[in-house]
Amino acid sequence: MADDIKNNNSGEEEELPEGIIELTDEDGVTSQFEYLTTIEYEGELYVVLMLLDEDEEKDDEDGEVLILRIEKDPETDEDIYVSVDDDEVSQAVFDQFVAMMDEEEE
């Protein structure tokens, strides 16, 4: 079953630096992520995020990325991020992300 993850950037809480978002999972655990990009794959939008570890610097390029599908919450019409259960889709989106990063480096 997919995990719904709510974006906490409603503007009511403390201001986060640009490109940093705070997400709360279904267990109520809140984590901060650096937004890397949004990728379209087979008509769906996916967000690529990097978990910010308090012990690591923000520019650490070796961090682990998280890929989540963007959906609309039917009750609030806000974006929600849903885990991707299909490994092939996750890998395809990750491959597009890597290709995009390689192009930027050239």
# chains A, B, ... in the order shown; residues from 1 in each chain; ligands from 1
call {"tool": "closest_atom_pairs", "arguments": {"of": "range 58-95 of chain A", "to": "range 36-44 of chain A", "cutoff": "8 Å", "atoms": "only C-alpha atoms", "output": "JSON lines"}}
result
{"residue": "A:Arg69", "atom": "CA", "partner": "A:Glu44", "partner_atom": "CA", "distance": 7.2}
{"residue": "A:Ile70", "atom": "CA", "partner": "A:Glu44", "partner_atom": "CA", "distance": 7.5}
{"residue": "A:Val93", "atom": "CA", "partner": "A:Tyr41", "partner_atom": "CA", "distance": 6.7}
call {"tool": "atom_distance", "arguments": {"atom1": "CA of Leu68 in chain A", "atom2": "CA of Phe33 in chain A"}}
result
12.1 Å
